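Pasting my_file22.cif here (mmCIF, C-alpha atoms and all ligand atoms):
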data_model
#
loop_
_atom_site.label_atom_id
_atom_site.label_comp_id
_atom_site.auth_asym_id
_atom_site.auth_seq_id
_atom_site.Cartn_x
_atom_site.Cartn_y
_atom_site.Cartn_z
CA MET A 1 -5.66 -63.62 180.81
CA SER A 2 -9.06 -62.10 181.38
CA PRO A 3 -10.55 -62.82 184.80
CA LYS A 4 -13.68 -64.82 185.52
CA LEU A 5 -16.77 -62.63 185.57
CA PRO A 6 -18.47 -61.09 187.47
CA ILE A 7 -15.77 -59.52 189.62
CA TYR A 8 -16.44 -58.84 193.28
CA LEU A 9 -15.23 -55.39 194.35
CA ASP A 10 -17.63 -54.82 197.23
CA HIS A 11 -15.65 -56.11 200.21
CA ALA A 12 -16.77 -53.19 202.38
CA ALA A 13 -20.31 -54.60 202.12
CA THR A 14 -19.30 -58.15 203.00
CA THR A 15 -16.49 -60.63 202.41
CA PRO A 16 -16.50 -64.30 201.47
CA CYS A 17 -15.71 -66.69 204.31
CA ASP A 18 -12.10 -67.78 204.33
CA PRO A 19 -12.05 -71.59 203.72
CA ARG A 20 -9.87 -71.94 206.84
CA VAL A 21 -12.70 -70.33 208.82
CA VAL A 22 -15.30 -72.73 207.41
CA GLU A 23 -13.06 -75.68 208.23
CA ALA A 24 -12.68 -74.52 211.82
CA MET A 25 -16.45 -74.13 212.18
CA LEU A 26 -17.59 -77.44 210.71
CA PRO A 27 -17.05 -79.76 213.70
CA TYR A 28 -19.16 -77.45 215.86
CA PHE A 29 -22.26 -78.09 213.77
CA THR A 30 -22.25 -81.85 214.15
CA GLU A 31 -19.80 -83.49 216.56
CA LYS A 32 -19.13 -80.67 219.03
CA PHE A 33 -22.69 -79.41 219.07
CA GLY A 34 -23.08 -78.99 222.83
CA ASN A 35 -24.40 -75.94 224.61
CA PRO A 36 -21.49 -74.14 226.30
CA GLY A 37 -23.89 -73.46 229.15
CA SER A 38 -24.15 -77.22 229.89
CA ARG A 39 -21.67 -77.40 232.73
CA ASN A 40 -22.12 -81.06 233.67
CA HIS A 41 -21.10 -83.04 230.60
CA SER A 42 -18.38 -83.23 228.02
CA PHE A 43 -20.55 -81.98 225.14
CA GLY A 44 -20.94 -78.67 226.96
CA TRP A 45 -17.26 -78.53 227.94
CA GLU A 46 -16.16 -79.15 224.35
CA ALA A 47 -18.34 -76.34 223.03
CA GLU A 48 -17.18 -74.07 225.83
CA ALA A 49 -13.55 -74.81 224.95
CA GLY A 50 -14.26 -73.70 221.36
CA VAL A 51 -15.81 -70.45 222.61
CA ASP A 52 -12.96 -69.83 225.05
CA ALA A 53 -10.35 -70.26 222.33
CA ALA A 54 -12.26 -67.89 220.03
CA ARG A 55 -12.48 -65.31 222.80
CA VAL A 56 -8.68 -65.37 223.11
CA GLN A 57 -8.28 -65.06 219.32
CA ALA A 58 -10.69 -62.10 219.21
CA ALA A 59 -9.04 -60.39 222.19
CA ARG A 60 -5.53 -60.81 220.74
CA LEU A 61 -6.52 -59.09 217.51
CA ILE A 62 -7.21 -55.86 219.41
CA GLY A 63 -4.75 -56.18 222.32
CA ALA A 64 -7.47 -56.87 224.89
CA ASN A 65 -8.02 -59.45 227.60
CA GLU A 66 -10.43 -62.26 226.73
CA LYS A 67 -12.64 -61.30 229.68
CA GLU A 68 -13.33 -58.03 227.87
CA ILE A 69 -14.96 -59.61 224.81
CA VAL A 70 -18.76 -59.91 224.47
CA PHE A 71 -20.05 -61.88 221.49
CA THR A 72 -23.06 -60.40 219.69
CA SER A 73 -24.91 -60.94 216.41
CA GLY A 74 -22.84 -58.35 214.53
CA ALA A 75 -21.69 -54.77 214.55
CA THR A 76 -25.22 -53.38 214.57
CA GLU A 77 -25.95 -55.10 217.86
CA SER A 78 -22.50 -54.27 219.27
CA ASN A 79 -23.06 -50.59 218.48
CA ASN A 80 -26.53 -50.61 220.03
CA LEU A 81 -25.30 -52.34 223.18
CA ALA A 82 -22.33 -49.98 223.52
CA ILE A 83 -24.19 -46.73 222.89
CA LYS A 84 -27.53 -47.36 224.57
CA GLY A 85 -25.97 -49.58 227.23
CA ALA A 86 -23.51 -46.84 228.24
CA ALA A 87 -26.06 -44.02 227.96
CA TYR A 88 -28.58 -45.74 230.24
CA MET A 89 -25.86 -46.73 232.70
CA TYR A 90 -24.22 -43.30 232.98
CA GLU A 91 -27.23 -41.01 232.52
CA ARG A 92 -27.08 -37.77 234.51
CA ALA A 93 -30.78 -37.46 235.19
CA PRO A 94 -33.62 -39.99 235.06
CA ALA A 95 -36.01 -40.14 232.12
CA GLY A 96 -38.99 -37.85 232.54
CA SER A 97 -37.23 -35.49 234.97
CA GLY A 98 -37.31 -32.71 232.39
CA ARG A 99 -33.52 -32.34 232.66
CA SER A 100 -31.01 -33.48 230.04
CA ARG A 101 -30.12 -37.11 230.64
CA GLY A 102 -26.58 -36.47 229.42
CA HIS A 103 -24.61 -35.38 226.36
CA ILE A 104 -23.30 -37.67 223.63
CA ILE A 105 -20.94 -36.80 220.77
CA THR A 106 -20.93 -38.67 217.49
CA ASN A 107 -20.47 -37.58 213.90
CA ALA A 108 -22.62 -37.08 210.87
CA ILE A 109 -21.02 -39.73 208.65
CA GLU A 110 -21.37 -42.68 211.01
CA HIS A 111 -23.12 -45.81 209.78
CA LYS A 112 -26.86 -45.94 210.51
CA ALA A 113 -26.09 -48.55 213.16
CA VAL A 114 -24.61 -45.68 215.21
CA LEU A 115 -26.70 -42.74 213.98
CA ASP A 116 -30.03 -44.42 214.67
CA PRO A 117 -29.32 -45.50 218.27
CA CYS A 118 -28.06 -41.94 218.89
CA LYS A 119 -31.24 -40.47 217.39
CA ARG A 120 -33.33 -42.74 219.57
CA LEU A 121 -31.44 -41.54 222.66
CA GLN A 122 -32.04 -37.96 221.54
CA ARG A 123 -35.80 -38.64 221.43
CA GLU A 124 -35.53 -40.15 224.90
CA GLY A 125 -34.02 -37.04 226.44
CA PHE A 126 -30.28 -37.24 225.83
CA GLU A 127 -28.55 -34.40 223.98
CA VAL A 128 -26.54 -35.49 220.95
CA THR A 129 -23.99 -33.54 218.92
CA PHE A 130 -23.52 -34.85 215.37
CA LEU A 131 -20.10 -33.44 214.46
CA PRO A 132 -19.52 -32.60 210.82
CA PRO A 133 -16.27 -34.16 209.52
CA GLY A 134 -13.77 -32.09 207.58
CA ALA A 135 -14.24 -31.90 203.78
CA ASP A 136 -11.66 -34.72 203.61
CA GLY A 137 -13.90 -36.93 205.77
CA VAL A 138 -11.50 -37.09 208.71
CA ILE A 139 -12.87 -36.66 212.25
CA THR A 140 -10.23 -34.91 214.30
CA ALA A 141 -9.52 -34.78 218.02
CA GLU A 142 -9.79 -30.99 217.80
CA ALA A 143 -13.37 -31.21 216.58
CA VAL A 144 -14.22 -33.56 219.46
CA ARG A 145 -12.44 -31.30 221.97
CA ALA A 146 -14.51 -28.32 220.84
CA ALA A 147 -17.74 -30.28 221.30
CA LEU A 148 -16.98 -31.77 224.75
CA ARG A 149 -19.12 -30.47 227.60
CA GLU A 150 -19.13 -30.89 231.32
CA ASP A 151 -22.09 -33.28 231.00
CA THR A 152 -20.69 -35.36 228.09
CA ILE A 153 -20.95 -39.04 229.00
CA LEU A 154 -20.06 -40.78 225.76
CA VAL A 155 -18.21 -40.15 222.51
CA SER A 156 -18.88 -42.54 219.61
CA ILE A 157 -16.67 -42.07 216.55
CA MET A 158 -16.14 -44.67 213.82
CA TRP A 159 -12.55 -45.78 213.30
CA ALA A 160 -12.85 -45.85 209.53
CA ASN A 161 -15.73 -44.85 207.30
CA ASN A 162 -17.50 -47.56 205.33
CA GLU A 163 -18.20 -45.46 202.22
CA ILE A 164 -14.97 -43.54 201.71
CA GLY A 165 -12.53 -45.41 203.96
CA THR A 166 -11.28 -42.31 205.78
CA ILE A 167 -9.61 -42.88 209.15
CA SER A 168 -10.49 -40.88 212.27
CA GLU A 169 -7.94 -39.70 214.83
CA ILE A 170 -8.99 -42.38 217.30
CA PRO A 171 -5.84 -42.59 219.52
CA GLN A 172 -5.89 -38.80 219.99
CA ILE A 173 -9.66 -38.73 220.54
CA GLY A 174 -9.23 -41.54 223.08
CA ALA A 175 -6.47 -39.69 224.95
CA LEU A 176 -8.72 -36.65 225.12
CA CYS A 177 -11.68 -38.66 226.38
CA HIS A 178 -9.57 -40.33 229.06
CA GLU A 179 -8.25 -36.95 230.17
CA LYS A 180 -11.84 -35.73 230.58
CA GLY A 181 -13.24 -38.95 232.06
CA VAL A 182 -15.54 -39.59 229.09
CA ILE A 183 -16.12 -43.04 227.59
CA LEU A 184 -15.02 -43.58 223.98
CA HIS A 185 -16.86 -46.06 221.78
CA SER A 186 -15.64 -46.73 218.27
CA ASP A 187 -17.40 -48.57 215.46
CA GLY A 188 -14.45 -50.56 214.17
CA THR A 189 -16.38 -52.61 211.62
CA GLN A 190 -14.25 -51.49 208.66
CA TRP A 191 -11.03 -51.12 210.63
CA VAL A 192 -10.53 -54.07 212.95
CA GLY A 193 -8.82 -57.00 211.26
CA LYS A 194 -7.54 -54.74 208.47
CA MET A 195 -5.25 -52.41 210.40
CA PRO A 196 -3.23 -52.87 213.62
CA THR A 197 -5.43 -52.20 216.65
CA ASN A 198 -4.52 -52.02 220.32
CA VAL A 199 -7.21 -50.79 222.66
CA ALA A 200 -4.69 -49.98 225.39
CA ARG A 201 -2.43 -47.90 223.16
CA ASP A 202 -5.35 -46.37 221.27
CA ASN A 203 -7.37 -45.44 224.40
CA VAL A 204 -10.64 -47.04 223.26
CA ASP A 205 -13.16 -48.18 225.92
CA LEU A 206 -15.77 -49.87 223.74
CA LEU A 207 -15.07 -51.29 220.28
CA SER A 208 -17.50 -52.97 217.86
CA TRP A 209 -16.67 -55.24 214.98
CA SER A 210 -18.25 -57.89 212.80
CA GLY A 211 -17.35 -61.33 211.47
CA HIS A 212 -18.53 -60.92 207.91
CA LYS A 213 -16.27 -57.97 207.10
CA ILE A 214 -13.14 -59.93 208.01
CA TYR A 215 -13.69 -63.16 206.07
CA GLY A 216 -15.74 -64.72 208.86
CA PRO A 217 -19.42 -65.68 208.90
CA LYS A 218 -22.39 -63.31 208.92
CA GLY A 219 -24.54 -62.80 212.01
CA ILE A 220 -21.68 -62.79 214.50
CA GLY A 221 -19.84 -59.85 215.99
CA ALA A 222 -18.00 -58.71 219.06
CA LEU A 223 -17.93 -55.84 221.49
CA TYR A 224 -14.84 -55.03 223.50
CA VAL A 225 -15.77 -53.66 226.94
CA ARG A 226 -12.85 -52.22 228.93
CA ARG A 227 -12.43 -53.65 232.45
CA HIS A 228 -9.69 -51.44 233.85
CA LYS A 229 -9.06 -47.71 233.85
CA PRO A 230 -11.93 -47.18 233.51
CA ARG A 231 -14.06 -50.23 234.20
CA VAL A 232 -16.94 -49.69 231.80
CA ARG A 233 -20.38 -50.83 232.83
CA LEU A 234 -23.32 -51.23 230.48
CA ASN A 235 -27.04 -51.70 230.88
CA ALA A 236 -27.88 -54.91 229.04
CA LEU A 237 -30.52 -54.45 226.33
CA ALA A 238 -32.03 -57.93 226.74
CA ASP A 239 -32.87 -60.01 229.79
CA GLY A 240 -32.36 -63.75 229.94
CA GLY A 241 -30.00 -66.49 231.01
CA GLY A 242 -27.07 -64.29 232.02
CA GLN A 243 -24.61 -65.43 229.33
CA GLU A 244 -21.74 -63.13 228.36
CA ARG A 245 -21.61 -61.78 231.92
CA GLY A 246 -25.20 -60.64 231.54
CA PHE A 247 -24.30 -58.15 228.80
CA ARG A 248 -25.78 -60.36 226.10
CA PRO A 249 -27.91 -63.24 227.35
CA GLY A 250 -28.94 -66.12 225.10
CA THR A 251 -27.37 -69.44 224.06
CA LEU A 252 -24.10 -68.66 222.35
CA ASN A 253 -23.78 -68.93 218.57
CA VAL A 254 -20.92 -71.40 218.96
CA THR A 255 -20.25 -72.02 215.25
CA GLY A 256 -20.30 -68.32 214.51
CA ILE A 257 -18.07 -67.55 217.48
CA VAL A 258 -15.53 -70.22 216.44
CA GLY A 259 -15.60 -68.77 212.91
CA LEU A 260 -15.13 -65.22 214.13
CA GLY A 261 -12.23 -66.35 216.31
CA LYS A 262 -10.49 -68.07 213.41
CA ALA A 263 -11.07 -65.03 211.17
CA CYS A 264 -9.48 -62.83 213.86
CA GLU A 265 -6.47 -65.15 214.15
CA ILE A 266 -5.92 -65.14 210.38
CA ALA A 267 -6.38 -61.36 210.19
CA ALA A 268 -3.80 -60.80 212.92
CA ALA A 269 -1.27 -62.95 211.07
CA GLU A 270 -1.94 -61.66 207.56
CA MET A 271 -3.17 -58.07 207.78
CA ASP A 272 0.20 -56.43 207.13
CA ARG A 273 0.76 -58.39 203.95
CA ASP A 274 -2.85 -57.93 202.80
CA ALA A 275 -2.81 -54.19 203.50
CA GLU A 276 0.40 -53.64 201.59
CA ARG A 277 -0.83 -55.57 198.56
CA LEU A 278 -4.26 -53.92 198.57
CA LEU A 279 -2.82 -50.44 198.90
CA ARG A 280 -0.70 -51.04 195.81
CA LEU A 281 -3.72 -52.31 193.88
CA ARG A 282 -5.94 -49.45 195.06
CA ARG A 283 -3.34 -46.88 194.05
CA LYS A 284 -3.05 -48.49 190.65
CA LEU A 285 -6.83 -48.35 190.23
CA GLU A 286 -7.14 -44.73 191.32
CA HIS A 287 -4.15 -43.55 189.36
CA ALA A 288 -5.31 -45.21 186.15
CA ILE A 289 -8.87 -43.92 186.41
CA THR A 290 -8.04 -40.34 187.39
CA SER A 291 -5.23 -40.00 184.86
CA ARG A 292 -7.24 -41.43 181.96
CA LEU A 293 -10.53 -39.68 182.73
CA GLU A 294 -10.87 -35.97 183.38
CA VAL A 295 -13.40 -34.60 185.87
CA THR A 296 -13.06 -37.54 188.23
CA LYS A 297 -12.36 -37.22 191.91
CA VAL A 298 -11.32 -39.65 194.60
CA ASN A 299 -13.38 -38.80 197.69
CA GLY A 300 -11.89 -38.55 201.17
CA HIS A 301 -8.42 -37.77 202.47
CA ALA A 302 -5.59 -38.74 200.10
CA GLU A 303 -3.54 -40.59 202.73
CA LYS A 304 -5.69 -41.11 205.83
CA ARG A 305 -7.70 -43.82 204.17
CA LEU A 306 -8.05 -47.61 204.41
CA PRO A 307 -5.90 -49.46 201.87
CA HIS A 308 -8.77 -51.29 200.23
CA ILE A 309 -11.61 -48.75 199.80
CA SER A 310 -11.86 -46.30 196.95
CA ASN A 311 -14.77 -43.94 196.35
CA ILE A 312 -14.66 -42.12 193.03
CA SER A 313 -17.01 -39.50 191.57
CA PHE A 314 -17.35 -39.20 187.80
CA GLY A 315 -18.54 -35.88 186.36
CA PHE A 316 -20.87 -35.86 183.34
CA VAL A 317 -22.21 -39.38 183.66
CA GLU A 318 -25.52 -40.48 185.03
CA GLY A 319 -25.11 -42.80 188.01
CA GLU A 320 -27.67 -45.43 187.08
CA SER A 321 -26.39 -45.64 183.50
CA LEU A 322 -22.86 -46.09 184.79
CA MET A 323 -23.93 -48.95 187.08
CA MET A 324 -25.75 -50.57 184.13
CA ALA A 325 -22.67 -50.24 181.93
CA ILE A 326 -20.37 -52.00 184.40
CA LYS A 327 -22.66 -54.87 185.32
CA GLU A 328 -19.78 -57.34 185.50
CA ILE A 329 -18.22 -55.38 188.35
CA ALA A 330 -19.98 -55.84 191.67
CA CYS A 331 -19.53 -52.58 193.58
CA SER A 332 -21.62 -49.97 195.39
CA SER A 333 -23.01 -46.76 193.98
CA GLY A 334 -23.10 -43.37 195.68
CA SER A 335 -26.76 -43.86 196.42
CA ALA A 336 -27.93 -44.88 199.84
CA CYS A 337 -27.27 -48.41 201.10
CA THR A 338 -30.70 -49.53 200.06
CA SER A 339 -29.87 -49.32 196.38
CA ALA A 340 -33.62 -49.33 195.70
CA SER A 341 -33.68 -45.78 197.00
CA LEU A 342 -32.28 -43.05 194.81
CA GLU A 343 -31.28 -40.82 197.69
CA PRO A 344 -27.69 -39.71 197.18
CA SER A 345 -25.33 -40.92 199.88
CA TYR A 346 -25.56 -38.80 203.05
CA VAL A 347 -21.85 -39.37 203.58
CA LEU A 348 -20.89 -37.80 200.25
CA LYS A 349 -23.46 -35.03 200.73
CA THR A 350 -22.02 -34.19 204.14
CA LEU A 351 -18.58 -33.90 202.53
CA GLY A 352 -20.00 -31.33 200.13
CA VAL A 353 -20.20 -33.56 197.07
CA GLY A 354 -23.21 -32.29 195.09
CA ASP A 355 -26.27 -34.51 194.55
CA GLU A 356 -25.45 -35.12 190.87
CA LEU A 357 -21.88 -36.13 191.56
CA ALA A 358 -22.86 -38.20 194.59
CA HIS A 359 -25.17 -40.20 192.32
CA SER A 360 -22.40 -40.83 189.82
CA SER A 361 -19.96 -42.15 192.40
CA LEU A 362 -18.70 -45.68 192.84
CA ARG A 363 -17.33 -47.38 195.93
CA LEU A 364 -14.85 -50.04 194.88
CA SER A 365 -13.55 -52.15 197.75
CA LEU A 366 -10.84 -54.75 197.29
CA GLY A 367 -10.24 -57.89 199.31
CA ARG A 368 -8.01 -60.82 200.20
CA TRP A 369 -8.47 -62.56 196.86
CA THR A 370 -8.69 -59.56 194.54
CA THR A 371 -6.14 -60.05 191.76
CA GLU A 372 -4.16 -57.68 189.60
CA ALA A 373 -6.06 -58.99 186.56
CA GLN A 374 -9.40 -58.14 188.20
CA VAL A 375 -8.25 -54.60 188.94
CA GLU A 376 -7.02 -54.19 185.37
CA TYR A 377 -10.35 -55.43 184.05
CA ALA A 378 -12.18 -52.96 186.31
CA ILE A 379 -10.03 -50.08 185.09
CA GLU A 380 -10.61 -50.85 181.40
CA ASN A 381 -14.33 -51.46 181.91
CA ILE A 382 -14.95 -48.31 183.94
CA VAL A 383 -12.88 -46.07 181.65
CA ALA A 384 -14.66 -47.41 178.56
CA ALA A 385 -18.10 -47.03 180.17
CA VAL A 386 -17.49 -43.44 181.28
CA GLU A 387 -16.06 -42.45 177.89
CA LYS A 388 -19.04 -43.97 176.13
CA LEU A 389 -21.58 -42.27 178.37
CA ARG A 390 -19.81 -38.94 178.00
CA ARG A 391 -19.89 -39.23 174.21
CA LEU A 392 -23.69 -39.19 174.58
CA SER A 393 -23.73 -36.27 177.00
CA PRO A 394 -24.53 -32.77 175.68
CA LEU A 395 -23.31 -31.33 178.98
CA TYR A 396 -19.92 -32.93 178.49
CA ASP A 397 -19.77 -31.42 174.98
CA MET A 398 -20.43 -27.99 176.43
CA HIS A 399 -17.78 -28.57 179.09
CA LYS A 400 -15.26 -29.50 176.39
CA GLU A 401 -16.11 -26.35 174.48
CA GLY A 402 -15.05 -24.45 177.55
CA ILE A 403 -18.49 -23.34 178.67
CA ASP A 404 -18.63 -22.87 182.43
CA LEU A 405 -21.71 -24.88 183.28
CA SER A 406 -22.10 -23.28 186.68
CA LYS A 407 -22.79 -19.96 184.89
CA VAL A 408 -25.30 -21.32 182.37
CA GLU A 409 -28.84 -20.11 182.89
CA TRP A 410 -31.02 -23.12 182.27
CA ALA A 411 -34.51 -22.70 180.89
CA HIS A 412 -37.18 -24.10 183.17
CA HIS A 413 -40.43 -25.22 181.65
N1 LIG A 501 -20.87 -50.24 210.97
C1 LIG A 501 -20.22 -50.11 209.80
C2 LIG A 501 -19.18 -49.03 209.66
C3 LIG A 501 -20.50 -50.98 208.75
O1 LIG A 501 -19.86 -50.85 207.59
C4 LIG A 501 -21.48 -51.98 208.93
C5 LIG A 501 -21.83 -52.94 207.80
N2 LIG A 501 -22.25 -52.30 206.62
C6 LIG A 501 -22.14 -52.07 210.16
C7 LIG A 501 -21.79 -51.18 211.15
C8 LIG A 501 -23.18 -53.11 210.43
O2 LIG A 501 -22.56 -54.35 210.61
P1 LIG A 501 -23.36 -55.72 210.73
O3 LIG A 501 -23.76 -56.06 209.34
O4 LIG A 501 -22.38 -56.69 211.29
O5 LIG A 501 -24.51 -55.49 211.65
#

I need this file expressed as structure tokens, please.
Amino acid sequence: MSPKLPIYLDHAATTPCDPRVVEAMLPYFTEKFGNPGSRNHSFGWEAEAGVDAARVQAARLIGANEKEIVFTSGATESNNLAIKGAAYMYERAPAGSGRSRGHIITNAIEHKAVLDPCKRLQREGFEVTFLPPGADGVITAEAVRAALREDTILVSIMWANNEIGTISEIPQIGALCHEKGVILHSDGTQWVGKMPTNVARDNVDLLSWSGHKIYGPKGIGALYVRRHKPRVRLNALADGGGQERGFRPGTLNVTGIVGLGKACEIAAAEMDRDAERLLRLRRKLEHAITSRLEVTKVNGHAEKRLPHISNISFGFVEGESLMMAIKEIACSSGSACTSASLEPSYVLKTLGVGDELAHSSLRLSLGRWTTEAQVEYAIENIVAAVEKLRRLSPLYDMHKEGIDLSKVEWAHH
């Protein structure tokens, strides 16, 4: 049976809300609408109870204590609070002193929500090392070890990459950071809720994640802030009513928090089953595409990759034409996030994928309700589109005739 169109294969961008999450949230819009900060009546207590329960659900998902969870508006805010909050708190020299304020290590294929706060700190007098990942996209503990300095105050490495799904060596990086007394922040937006996470075992001090990537609502996120060994302190980025232990003042987004909590509870219970099923589907997708189409390449490490994200480059097709030809499949192209821009993805470029190939790359990301029939439809549709486009490509003809295109001297007019 052919699936209903269009098909959503862009779960790394956002996920639909799980109906169980929506159901849990609903009473908090109307009946239990109190402000958790209202300490002297039952409306406030009821809302506070909802927030408290969600804090436990969120903490359990990552093996933390509920006192270590700060609710934010999403992973962007969590990352900003973690990185700038730690940098300002632990700076080695005051701004304007002419001396380095401290050294920070991150890597070149982080999401902009990490890169941009780091660049801002660089402008403000911190020194930042942007580590290049290996060609397979993996960020290793060895690379971090080589970059550590006496004045390093913070390491921020994403747990899994949003474009290619590659997984960093976080537990080993964390062990190294703890050995050297350096704080480790990880952007866990694509990882948490998909793969087993335990901040104690994995040696993470600050961990960001977001509701809308784990079948929860948009505009809500969390930051884990370690309270023991070491006790991490942060400079708050906003001033106000002192909520969230002063880390993030402002009336709590109770409905969002309740939704995030429920999404965390469901993820904890179902992630193993989901991951196993999605890995099977992703392997089927990649195997079919790469075995039926020559000159295609799956980007990132073969094994150290999230089960549900696949990034594939197609030689001899033009990226925009490919996207047009597979309109019924909602996925991301290898162009920058803002698909209006035609900049090839900086992640693929950093991995050494050429501009042309980066443009003709697709990120297909599967999710909780992706079916076998949808994956089969995607395979047939993508294979047919690439074959058709290649039939129109003179370069592909030359390639088939055995001409080495890298040696061709092109005429420039
Ligand atoms: N980090 C990563 C790795 C992401 O994939 C995203 C979402 N694209 C973000 C941060 C930003 O998350 P949010 O939308 O919750 O601010």

Notebook entry, point to check: Between A:Ile139, A:Leu5, A:Val192, A:Ala93, which is the closest to ligand LIG 501 (chain A) once you count all atoms listed in the file?
Noted result: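 Smallest separation from ligand LIG 501 (chain A) among the options: A:Val192.
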
Which residues form the shell of 10 Å around ligand LIG 501 (chain A) when you count all atoms listed in the file, given as a PDB file with C-alpha atoms, keeping the file's coordinate frame?
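The result, written out as out-v4.pdb:
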ATOM      1  CA  HIS A  11     -15.650 -56.110 200.210  1.00  0.00           C
ATOM      2  CA  ALA A  12     -16.770 -53.190 202.380  1.00  0.00           C
ATOM      3  CA  ALA A  13     -20.310 -54.600 202.120  1.00  0.00           C
ATOM      4  CA  THR A  14     -19.300 -58.150 203.000  1.00  0.00           C
ATOM      5  CA  THR A  72     -23.060 -60.400 219.690  1.00  0.00           C
ATOM      6  CA  SER A  73     -24.910 -60.940 216.410  1.00  0.00           C
ATOM      7  CA  GLY A  74     -22.840 -58.350 214.530  1.00  0.00           C
ATOM      8  CA  ALA A  75     -21.690 -54.770 214.550  1.00  0.00           C
ATOM      9  CA  THR A  76     -25.220 -53.380 214.570  1.00  0.00           C
ATOM     10  CA  GLU A  77     -25.950 -55.100 217.860  1.00  0.00           C
ATOM     11  CA  SER A  78     -22.500 -54.270 219.270  1.00  0.00           C
ATOM     12  CA  ASN A  79     -23.060 -50.590 218.480  1.00  0.00           C
ATOM     13  CA  ASN A  80     -26.530 -50.610 220.030  1.00  0.00           C
ATOM     14  CA  ILE A 109     -21.020 -39.730 208.650  1.00  0.00           C
ATOM     15  CA  GLU A 110     -21.370 -42.680 211.010  1.00  0.00           C
ATOM     16  CA  HIS A 111     -23.120 -45.810 209.780  1.00  0.00           C
ATOM     17  CA  LYS A 112     -26.860 -45.940 210.510  1.00  0.00           C
ATOM     18  CA  ALA A 113     -26.090 -48.550 213.160  1.00  0.00           C
ATOM     19  CA  VAL A 114     -24.610 -45.680 215.210  1.00  0.00           C
ATOM     20  CA  LEU A 115     -26.700 -42.740 213.980  1.00  0.00           C
ATOM     21  CA  MET A 158     -16.140 -44.670 213.820  1.00  0.00           C
ATOM     22  CA  TRP A 159     -12.550 -45.780 213.300  1.00  0.00           C
ATOM     23  CA  ALA A 160     -12.850 -45.850 209.530  1.00  0.00           C
ATOM     24  CA  ASN A 161     -15.730 -44.850 207.300  1.00  0.00           C
ATOM     25  CA  ASN A 162     -17.500 -47.560 205.330  1.00  0.00           C
ATOM     26  CA  GLU A 163     -18.200 -45.460 202.220  1.00  0.00           C
ATOM     27  CA  GLY A 165     -12.530 -45.410 203.960  1.00  0.00           C
ATOM     28  CA  SER A 186     -15.640 -46.730 218.270  1.00  0.00           C
ATOM     29  CA  ASP A 187     -17.400 -48.570 215.460  1.00  0.00           C
ATOM     30  CA  GLY A 188     -14.450 -50.560 214.170  1.00  0.00           C
ATOM     31  CA  THR A 189     -16.380 -52.610 211.620  1.00  0.00           C
ATOM     32  CA  GLN A 190     -14.250 -51.490 208.660  1.00  0.00           C
ATOM     33  CA  TRP A 191     -11.030 -51.120 210.630  1.00  0.00           C
ATOM     34  CA  SER A 208     -17.500 -52.970 217.860  1.00  0.00           C
ATOM     35  CA  TRP A 209     -16.670 -55.240 214.980  1.00  0.00           C
ATOM     36  CA  SER A 210     -18.250 -57.890 212.800  1.00  0.00           C
ATOM     37  CA  GLY A 211     -17.350 -61.330 211.470  1.00  0.00           C
ATOM     38  CA  HIS A 212     -18.530 -60.920 207.910  1.00  0.00           C
ATOM     39  CA  LYS A 213     -16.270 -57.970 207.100  1.00  0.00           C
ATOM     40  CA  PRO A 217     -19.420 -65.680 208.900  1.00  0.00           C
ATOM     41  CA  LYS A 218     -22.390 -63.310 208.920  1.00  0.00           C
ATOM     42  CA  GLY A 219     -24.540 -62.800 212.010  1.00  0.00           C
ATOM     43  CA  ILE A 220     -21.680 -62.790 214.500  1.00  0.00           C
ATOM     44  CA  GLY A 221     -19.840 -59.850 215.990  1.00  0.00           C
ATOM     45  CA  ALA A 222     -18.000 -58.710 219.060  1.00  0.00           C
ATOM     46  CA  CYS A 337     -27.270 -48.410 201.100  1.00  0.00           C
TER      47      CYS A 337
END

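Atom to atom, atom CA of A:Trp45 and atom CA of A:Glu244 stand 16.0 Å apart.
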
Next item on the list: Name all residues at most 7 Å from A:Gly174 (count all atoms listed in the file; drop same-chain ones fewer than 4 positions away) and give them as an MDAnalysis selection string.
Entry: chainID A and resid 170 178 184 202:204

Next item on the list: Quote the spacing between atom CA of A:Val70 and atom CA of A:Gly367 in Å to one decimal place.
Entry: 26.6 Å
